[in-house]
Structure formats: C-alpha cells, structure tokens
Amino acid sequence: MKLPNGNPIPPPKTEAPVPAPSRPAGEQPVATPDAASARVLLDQLKLTNREATLARVAEVINRQSSAGTQLLLDIRGQSLTVQAAIGDTSLETGDWVKVMRAGNELQLMGKLAQAPEAGIARALAQRLPWQQSIDAGLTRLVNTLTQGLRQDPLPGQLPSSRPAQPLPEAARQAIEQVIARLPSGNNLAPGSGSQPTATQQVRQWIAESGLFAESRLAQAPASQLPDLKLALGRVITALLAQQGSTPEQFNRLTPIATPELMQAPLQFPQPLAAPQARSDGEPPSVGQMLRLLAGMLNRITVNQLHSQVLTARGGGDTAAPAATLLLDLPWLTPQNEPRLAQMRIEQYLEDTESERKSPTRATAEWRLSLAMDLDEAGPLHFDVTLRQQAVSARVWAEKQTTLRRVNQELPALRQSLADLGLEVTDLECRRGTPQSSVTRLEHRLVDTRA
C-alpha cells in the first residue's frame, strides 16, 4: 500500500523523509513517494510508530493495477486512500484488517475473520422486504378449508378460468393441525394467571411459536414437532406434492409481502393493522398460497434473525439487553378468527458487589412487552419489569372505556402478584401507546464490529 500524491495535505518543505525501519518477513509494507506527507497523515490519525490498529475497507477502488490495488480505508473515523500490494490476500468492501505504522509506512498485518453478526445482519436485510403478516396468512389458510384452492392457470389461460378445487387431504390435515395448535381466547379465563396450568400453557405457546424451530429440531429430529414454523413447512410440502413440484421450485417463488411491515421494518412490536374480514374474495391459486406461505416463513425467520442481531449488539454495551427474543404469537378468537399478539422479552445484566467484597455477580432484570389489538378493547400494550422479587407493570390503552376498565382491575392484579410472593413497586394504566418500542437498529444494520 502507498499513500498517493493526491492526498489533500501538502508536504512541509523543511522536513526530510524518515526512512522506514526494517520489516520482519511476511509483513507487507505501505511505502510513500513523499515520506513527510505520509508522516503528517499518519500523525493526524494519532498513530505512533510500531502501533497497530484496525481499519475497515470502505471501498476497493481499483483492483490489481500496475501500482497494486487502490483501497479506501476507514481508520479511526478518517478516510485514507492507499495503494496496496496485497499479494494473495483477498480484500472486499467491509473487510476489517489489522495495520501497523512502521516509520512513515503502514504494514498490513492480516485480515480479520468476518464476525458472525455480519452474516446474520445481511440475511435479515435480505428477508425484510418479503414478510407476510402471520395473522393475515393464517386467515387465508382458514378460508381454504371451506373455499378450496384454484389450480394455477395453464399458459394462455386467464387466472379465473379454472374453478376452485377442494384441498388435497394431506394439505387439509396439515392446515387443520396448524389451526388446532393455536392458542384460543377461551383457554385462559380472566383471573387464571396465578394457576400453574395457565403458566405452563403460556410457556408452551412461546416454545411452539416458531422462534426455536431449528433448535428444537436439532435436539429432537422428528418431523411432527408441534411448532408453527415446522407446521407451515408441512403445509408447503403437501401443496408441492399435489403439484408435483420440488423444494427447489418453492425456493424460486417470490413471497407475497404485507405492505404495513415495510413502513418501519425493524420496529417491534409493530402497530397492528385492523383485523381482516373472514372471507377475502375468490380462493387463491396453489401458487399464490405457496407464495403467501413463503412470506409467513420469512416473517418468522426475520424475528429469529432480528433477535440474534439484537442479542449480539448488546454484548459490549451495558445499557443494551444481554439477550432479546421477538415473537409473533398467533391466537384464535372464540369465532376461530386468527389474531396476533407480539411479545418482546429482554434480559439486562448488571454487575453487583456485596458489602463483604465478594466476587461480583450479575443481577438479571427481565423486561416483557406485549402488544395486541382486541375487537372490543382496542389496542393494548403491556410493559412488565421483573428484578429479583420486585415487579412493576404499566398498561397502555387507546380507548377511554378500556382505560377505565383496566384501572378497575388493577387492585385485583396487584393482589394476584402479591400472592405469588412478588413485591409490586409500580402498577398503573395510561392512555395511548408507549414511545420506546422502536428498535434503533436501522443505521447499523449491516455494520461489522471487529
């Protein structure tokens, strides 16, 4: 690598070039035709002699020209254009490299392995535009049980020229299994939250939400695990078999996306749209349903990837959660209409030290956010914080009538929490929606930390 003459800082007239020290074998030098100019540039970076630092390849400007490869490096927040004789080293935009100042030269010490987070973030960015809302997709699935599906038109036929046909038996059974596993509004009666069976039911719903599909499959490689993501995969398999298609053909389909999910793609919980009508026009074709299912799988995968990115981000920031889980939890109304609850669970760790100067230990604080839109009560948002035995909760309601009703129920909720052995530090209901539910990740989605 060379620091070219085109850098904006002119060389001082009174300074003589400083020769570079000898280099160990294997290190690649960055020479400059004007050592004084290079020294000014390196001094501006506050890089002392023999000091190593990390640089990011911001751009590969010219590959393997007569003078080598021209790179734009980001070093300590400043941009530096260099001519690099990098040999067999393969550098791409976004790579991190370790460089060291040797006199008035930079030496390339090596390329850092790419952080796993960068690959996760790229996969998340690729799927963001192709998400289908889980409740809307489930509504279409429920409708197919009575409406059936149309066969995809042959070349030259109009889409509506082929009548709907009943679902193949395998597809019907797979869809019925999906619906049967969904939580129902009748399963938990008001006031039953203190019962162990209710707690176990909620844990089961979370475990089967699809967020842990791959982990559960790795532990118990059975094809019939009760899991939403795997169950949707069984519906896809049945529809592909009915068409004589292969999984490779499914992977080439363009998923159908829900436009509302792109208004703020990294906000969670999302503002929930109004419930859709039970019937949605004419039955979809098999191809349309497969594309819809692809979008639903993308939605679950986005929640999985988003959770991993947020957890990785929190590793080095004490103000950020140490672990984050984002879940879409579909459920059924008493009329068997799919609805959606969105849950965000965060764990914060704080090092504490006892009065006896014992080794520090981490105290966990758990925060839960739950958002849902009920037909009569309207949008509701719950924020609960648990720190050891102390719990606080805040309920947000948009409707004035719902606000009054929740306030009437707060004393009973306080007593239920006290019966569980918890100290209730704060309990209130406010009108509106919380302002802190936006995930601040957009500006560094595909950033890489070295």
# chains A, B, ... in the order shown; residues from 1 in each chain; ligands from 1
>>> residues_around(residues="segment 225-232 of chain A", least_positions_apart="4", cutoff="8 Å", atoms="only C-alpha atoms", output="ChimeraX atom specification")
/A:174-175,177-178,181,207-211,213,217,236,293,297,300
>>> select_by_dssp(residues="segment 328-419 of chain A", states="helix (DSSP H, G or I)", output="PyMOL selection string")
chain A and resi 400-419
>>> closest_residue(among="A:Ala238, A:Ala121, A:Leu73, A:Leu340", to="Ile134 of chain A", atoms="only C-alpha atoms")
A:Leu340
>>> atom_distance(atom1="atom CA of Ser369 of chain A", atom2="atom CA of Gln270 of chain A")
11.6 Å
>>> residues_around(residues="Asp95 of chain A", least_positions_apart="5", cutoff="8 Å", atoms="only C-alpha atoms", output="list in words")
Arg56, Val57, Lys111, Leu112 and Gln114 of chain A
>>> closest_residue(among="A:Leu326, A:Ala84, A:Leu124, A:Ala371", to="Phe212 of chain A", atoms="only C-alpha atoms")
A:Leu326
>>> closest_residue(among="A:Glu117, A:Glu105, A:Asp426, A:Asp43", to="Leu305 of chain A", atoms="only C-alpha atoms")
A:Glu117
